[in-house]
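Enquirer: Below are the structure tokens for one structure; questions will follow.
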Amino acid sequence: GGTELIQNGGFEAGTTGWDNQGCQSSAEDWDVFSGSASLHVRQRSAEWAGPIQELNMADIKNEPGGKLRFAIKLHAGQVFQYSWTLKLQTNNGDTYVHLIDEIVHVEDGWKEVEAAVDFPSSLMSLQLICS
């Protein structure tokens, strides 16, 4: 249950709603966790590079928090350290909250991950960043 706050989280609408920050990405159907597509990220220019999404504040304003759930799979290399970060903009400025800092190994296959997320009441804008 609950409200889906991430736009096009299953990538069935291609990369609509997602921007690239120092990388290239495409929605692909050749290896998916569920549904009909997954996001393939490549050509990352730095450790901080990855997909990013500005979340809709109209959906968030009545939500005290939620869960970030996703699956990740490594296609190149042996090991990859990744993170999901929220950029919270409030009246007091920007704050970065690291939700997940983990490592995925090629032999893990699809790895499911979940993290709890709290939204401060003074939130003005919110970005979800994967790097």
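Naming works like this for the structure tokens: A, B, ... for the chains as they're shown, residue 1 at the start of each chain, ligands 1 onward in shown order.
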Neighbouring residues of range 76-89 of chain A were defined as those with any atom within 8 Å, considering only C-alpha atoms; residues of the same chain fewer than 4 positions away were excluded. Please report them as a PyMOL selection string.
Expert: chain A and resi 93-107+123-131
Enquirer: Considering only helix (DSSP H, G or I) as DSSP defines it on the backbone, what residues of range 17-117 of chain A qualify? List them as a list in words.
Expert: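 Residues meeting the helix (DSSP H, G or I) criterion: Met57, Ala58, Asp59, Ile60, Val106, Glu107 and Asp108 of chain A.
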Enquirer: May I have the selected residues written with C-alpha atoms, as a CSV table (one decimal), in the first residue's frame?
Expert:
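The resulting file, selection-v4.csv, is shown below:
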```
chain,number,residue,atom,x,y,z
A,57,MET,CA,6.1,17.8,-3.5
A,58,ALA,CA,2.3,17.6,-3.9
A,59,ASP,CA,2.6,13.8,-3.3
A,60,ILE,CA,5.0,14.2,-0.3
A,106,VAL,CA,28.5,-9.6,-9.8
A,107,GLU,CA,27.7,-13.0,-8.2
A,108,ASP,CA,24.8,-11.4,-6.2
```
Enquirer: Separation of CA of Gln24 in chain A and CA of Glu47 in chain A, in Å?
Expert: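 We find that CA of Gln24 in chain A and CA of Glu47 in chain A lie 13.7 Å from each other.
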Enquirer: What is the distance between CA of Gly109 in chain A and CA of Asp31 in chain A, in Å to one decimal?
Expert: 10.6 Å
Enquirer: Give me the residues within 9 Å of Arg44 in chain A as a list in words, counting only C-alpha atoms and dropping any in the same chain fewer than 2 places off.
Expert: Gln21, Gly22, Cys23, Gln24, Val41, Arg42, Ala46, Glu47, Trp48, Ala49, Gly50 and Ser131 of chain A
Enquirer: Could you please take those selected residues and save N, CA, C and O atoms as a tab-separated table (two decimals), in the first residue's frame?
Expert:
```
chain	number	residue	atom	x	y	z
A	21	GLN	N	23.03	12.42	-14.13
A	21	GLN	CA	24.00	13.31	-13.50
A	21	GLN	C	25.38	12.68	-13.69
A	21	GLN	O	25.75	11.77	-12.96
A	22	GLY	N	26.09	13.11	-14.73
A	22	GLY	CA	27.43	12.58	-15.00
A	22	GLY	C	27.45	11.14	-15.47
A	22	GLY	O	28.41	10.42	-15.20
A	23	CYS	N	26.40	10.70	-16.17
A	23	CYS	CA	26.35	9.33	-16.67
A	23	CYS	C	25.39	9.27	-17.85
A	23	CYS	O	24.75	10.26	-18.20
A	24	GLN	N	25.30	8.11	-18.45
A	24	GLN	CA	24.31	7.82	-19.48
A	24	GLN	C	23.40	6.72	-18.94
A	24	GLN	O	23.85	5.87	-18.17
A	41	VAL	N	22.59	1.89	-16.35
A	41	VAL	CA	23.43	3.08	-16.15
A	41	VAL	C	24.84	2.73	-16.59
A	41	VAL	O	25.37	1.68	-16.24
A	42	ARG	N	25.46	3.62	-17.37
A	42	ARG	CA	26.81	3.38	-17.88
A	42	ARG	C	27.54	4.70	-18.06
A	42	ARG	O	26.96	5.75	-17.92
A	46	ALA	N	32.23	9.83	-12.56
A	46	ALA	CA	32.81	9.96	-11.22
A	46	ALA	C	31.99	9.11	-10.24
A	46	ALA	O	30.92	8.62	-10.59
A	47	GLU	N	32.48	8.97	-9.01
A	47	GLU	CA	31.77	8.18	-8.00
A	47	GLU	C	30.38	8.74	-7.71
A	47	GLU	O	29.47	8.01	-7.38
A	48	TRP	N	30.23	10.06	-7.80
A	48	TRP	CA	28.94	10.70	-7.50
A	48	TRP	C	27.94	10.60	-8.64
A	48	TRP	O	26.78	10.93	-8.48
A	49	ALA	N	28.37	10.15	-9.80
A	49	ALA	CA	27.52	10.15	-10.99
A	49	ALA	C	26.45	9.06	-10.93
A	49	ALA	O	26.71	7.95	-10.48
A	50	GLY	N	25.24	9.38	-11.41
A	50	GLY	CA	24.17	8.41	-11.45
A	50	GLY	C	22.84	9.06	-11.77
A	50	GLY	O	22.75	10.27	-11.96
A	131	SER	N	24.11	7.04	-6.75
A	131	SER	CA	25.50	7.18	-7.23
A	131	SER	C	26.30	5.96	-6.85
A	131	SER	O	25.87	5.12	-6.12
```
Enquirer: Which is closer to His40 in chain A than all the others in A:Leu5, A:Val117, A:Ala27, A:Ile72, using only C-alpha atoms?
Expert: A:Ala27
Enquirer: Rank nothing, just name the residue among A:Glu4, A:Phe11, A:Phe119, A:Glu114 nearest to Val32 in chain A, using only C-alpha atoms.
Expert: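 Nearest candidate to Val32 in chain A out of A:Glu4, A:Phe11, A:Phe119, A:Glu114: A:Phe11.
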Enquirer: Mind pulling up the distance from CA of Arg69 in chain A to CA of Ala115 in chain A?
Expert: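 Rounded to one decimal, the two atoms are 6.7 Å apart.
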Enquirer: Choose the residue, out of A:Ile6, A:Ser121, A:Trp30, A:Trp110, that has the smallest atom-to-atom separation from Asn56 in chain A; count only C-alpha atoms.
Expert: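 Under the stated criterion, the closest residue is A:Ile6.
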Enquirer: Would you kindly return, as number ranges by chain, each protein, DNA or RNA residue with an atom no farther than 12 Å from any atom of Gly10 in chain A, considering only C-alpha atoms and excluding same-chain residues fewer than 2 positions away?
Expert: A: 4, 6-8, 12-18, 27-29, 32-39, 69-71
Enquirer: From a DSSP pass on the backbone, collect the residues of chain A flagged as strand (DSSP E or B) and hand them back as a PyMOL selection string.
Expert: chain A and resi 19-21+24-28+38-42+50-54+65-72+79-90+93-105+111-118+123-130
